[in-house]
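Student: This is the structure I have questions about; it appears just below.
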Amino acid sequence: MARYTAIFVVAAPVEHVRQILPELLQACDFEPIYQTEDYFMARETPGRVSYAKLVTVDVLIDVPLDERSEVRLNFVVKNEELPLQVNNHCQTMFESVKAAVVESQQWQLLETVSG
């Protein structure tokens with residue numbers, strides 16, 4: 001299973017982040033399938049690649065306790081594909097999501113950690 005992770009700390013109110021996240025992932029060809037206050041899940045829109053290569057994105061939203069407008073987003077991008085090649089489909093989709101978060105005008109990026 002291919003799996004890529006990244007943590008982003010953004011300066012924005014948590015409510016704003018919850019609203020923007022679905023739009024941001026839809027722009028990367030993902031459709032939302034589940035959402036709670038601190039978790040968001042989306043899957044790649046079927047039709048472009050085989051079923052085993054379809055990518056899922058899990059986002060854990062770390063809600064600040066002290067009402068600061070800093071939100072920590074933990075992204076896990078994964079699929080059933082074995083990452084036998086350096087440039088596999090899951091990594092390509094991960095880079096797309098990562099770029100969308102970094103380049104978003106909806107918040108100020110404070111910190112990035114990739115795994």
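Residue numbers start at 1 in each chain; chains themselves are named A, B, ... in the order of the structure tokens; ligands are numbered from 1 in the order shown.
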Extract, using only C-alpha atoms, all DNA, RNA and protein residues at most 8 Å from segment 71-86 of chain A, discarding same-chain residues fewer than 2 positions from it, and format them as a PyMOL selection string.

Tutor: chain A and resi 1-14+17+52-64+69+88+90+93-94

Student: Determine, counting only C-alpha atoms, which protein, DNA and RNA residues have an atom within 8 Å of an atom of segment 18-28 of chain A; residues of the same chain fewer than 4 positions away are not included. Present the result as a ChimeraX atom specification.

Tutor: /A:14,32,37,42,93,96-97,100-101,106

Student: Where in chain A does DSSP assign alpha helix (DSSP H), given as a PyMOL selection string?

Tutor: chain A and resi 14-26+89-103

Student: Quick one: write out the picked residues with N, CA, C and O atoms as a compact mmCIF listing (two decimals), in the first residue's frame?

Tutor:
```txt
# COMPACT_ATOMS: atom_id res chain seq x y z
N VAL A 14 -10.79 27.83 12.53
CA VAL A 14 -11.08 26.43 12.25
C VAL A 14 -12.35 26.26 11.42
O VAL A 14 -12.42 25.38 10.55
N GLU A 15 -13.35 27.10 11.64
CA GLU A 15 -14.59 27.01 10.84
C GLU A 15 -14.30 27.27 9.37
O GLU A 15 -14.87 26.64 8.49
N HIS A 16 -13.42 28.24 9.12
CA HIS A 16 -13.04 28.56 7.74
C HIS A 16 -12.31 27.38 7.09
O HIS A 16 -12.56 27.04 5.94
N VAL A 17 -11.42 26.76 7.85
CA VAL A 17 -10.67 25.60 7.33
C VAL A 17 -11.63 24.47 6.98
O VAL A 17 -11.50 23.84 5.92
N ARG A 18 -12.62 24.23 7.83
CA ARG A 18 -13.60 23.16 7.55
C ARG A 18 -14.40 23.44 6.28
O ARG A 18 -14.79 22.51 5.59
N GLN A 19 -14.66 24.70 5.98
CA GLN A 19 -15.40 25.06 4.77
C GLN A 19 -14.54 24.94 3.53
O GLN A 19 -15.01 24.52 2.48
N ILE A 20 -13.29 25.34 3.63
CA ILE A 20 -12.38 25.39 2.48
C ILE A 20 -11.86 24.00 2.09
O ILE A 20 -11.64 23.72 0.91
N LEU A 21 -11.66 23.14 3.04
CA LEU A 21 -11.07 21.82 2.78
C LEU A 21 -11.78 21.03 1.68
O LEU A 21 -11.12 20.53 0.76
N PRO A 22 -13.12 20.90 1.69
CA PRO A 22 -13.78 20.17 0.61
C PRO A 22 -13.53 20.80 -0.77
O PRO A 22 -13.27 20.09 -1.74
N GLU A 23 -13.57 22.12 -0.85
CA GLU A 23 -13.34 22.81 -2.12
C GLU A 23 -11.91 22.59 -2.61
O GLU A 23 -11.68 22.37 -3.80
N LEU A 24 -10.97 22.65 -1.69
CA LEU A 24 -9.57 22.46 -2.04
C LEU A 24 -9.33 21.07 -2.61
O LEU A 24 -8.67 20.91 -3.63
N LEU A 25 -9.91 20.06 -1.97
CA LEU A 25 -9.72 18.68 -2.44
C LEU A 25 -10.50 18.40 -3.72
O LEU A 25 -10.05 17.62 -4.56
N GLN A 26 -11.66 19.02 -3.89
CA GLN A 26 -12.41 18.85 -5.14
C GLN A 26 -11.62 19.40 -6.31
O GLN A 26 -11.67 18.85 -7.41
N HIS A 89 1.22 6.69 -8.97
CA HIS A 89 0.01 7.52 -9.02
C HIS A 89 -0.30 8.16 -7.66
O HIS A 89 -0.67 9.34 -7.59
N CYS A 90 -0.13 7.42 -6.59
CA CYS A 90 -0.43 7.95 -5.26
C CYS A 90 0.49 9.13 -4.93
O CYS A 90 0.04 10.15 -4.41
N GLN A 91 1.75 9.01 -5.26
CA GLN A 91 2.68 10.11 -5.00
C GLN A 91 2.32 11.34 -5.84
O GLN A 91 2.39 12.46 -5.35
N THR A 92 1.91 11.11 -7.07
CA THR A 92 1.50 12.22 -7.93
C THR A 92 0.30 12.96 -7.33
O THR A 92 0.27 14.20 -7.28
N MET A 93 -0.68 12.21 -6.83
CA MET A 93 -1.85 12.82 -6.21
C MET A 93 -1.47 13.52 -4.90
O MET A 93 -1.99 14.58 -4.57
N PHE A 94 -0.54 12.93 -4.15
CA PHE A 94 -0.04 13.55 -2.92
C PHE A 94 0.60 14.89 -3.21
O PHE A 94 0.34 15.89 -2.53
N GLU A 95 1.43 14.94 -4.23
CA GLU A 95 2.09 16.19 -4.61
C GLU A 95 1.07 17.24 -5.04
O GLU A 95 1.23 18.42 -4.76
N SER A 96 0.00 16.80 -5.69
CA SER A 96 -1.07 17.71 -6.11
C SER A 96 -1.78 18.31 -4.89
O SER A 96 -2.02 19.53 -4.83
N VAL A 97 -2.11 17.48 -3.92
CA VAL A 97 -2.77 17.94 -2.70
C VAL A 97 -1.84 18.87 -1.93
O VAL A 97 -2.25 19.94 -1.46
N LYS A 98 -0.59 18.48 -1.80
CA LYS A 98 0.39 19.27 -1.08
C LYS A 98 0.53 20.67 -1.70
O LYS A 98 0.52 21.68 -0.99
N ALA A 99 0.63 20.72 -3.01
CA ALA A 99 0.75 22.00 -3.71
C ALA A 99 -0.50 22.86 -3.50
O ALA A 99 -0.41 24.08 -3.31
N ALA A 100 -1.67 22.23 -3.52
CA ALA A 100 -2.92 22.98 -3.32
C ALA A 100 -2.97 23.61 -1.93
O ALA A 100 -3.41 24.75 -1.78
N VAL A 101 -2.52 22.89 -0.92
CA VAL A 101 -2.52 23.42 0.44
C VAL A 101 -1.51 24.57 0.56
O VAL A 101 -1.82 25.63 1.10
N VAL A 102 -0.32 24.36 0.03
CA VAL A 102 0.74 25.36 0.13
C VAL A 102 0.37 26.64 -0.63
O VAL A 102 0.61 27.75 -0.16
N GLU A 103 -0.23 26.50 -1.80
CA GLU A 103 -0.52 27.65 -2.65
C GLU A 103 -1.88 28.30 -2.37
O GLU A 103 -2.19 29.33 -2.97
```

Student: Quick one: pull the distance between atom CA of Glu70 of chain A and atom CA of Ser104 of chain A, Å, one decimal.

Tutor: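 Between these atoms lies a distance of 15.3 Å.
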
Student: What is the distance, in Å and to one decimal place, between atom CA of Gly47 of chain A and atom CA of Ser114 of chain A?

Tutor: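 Between these atoms lies a distance of 28.6 Å.
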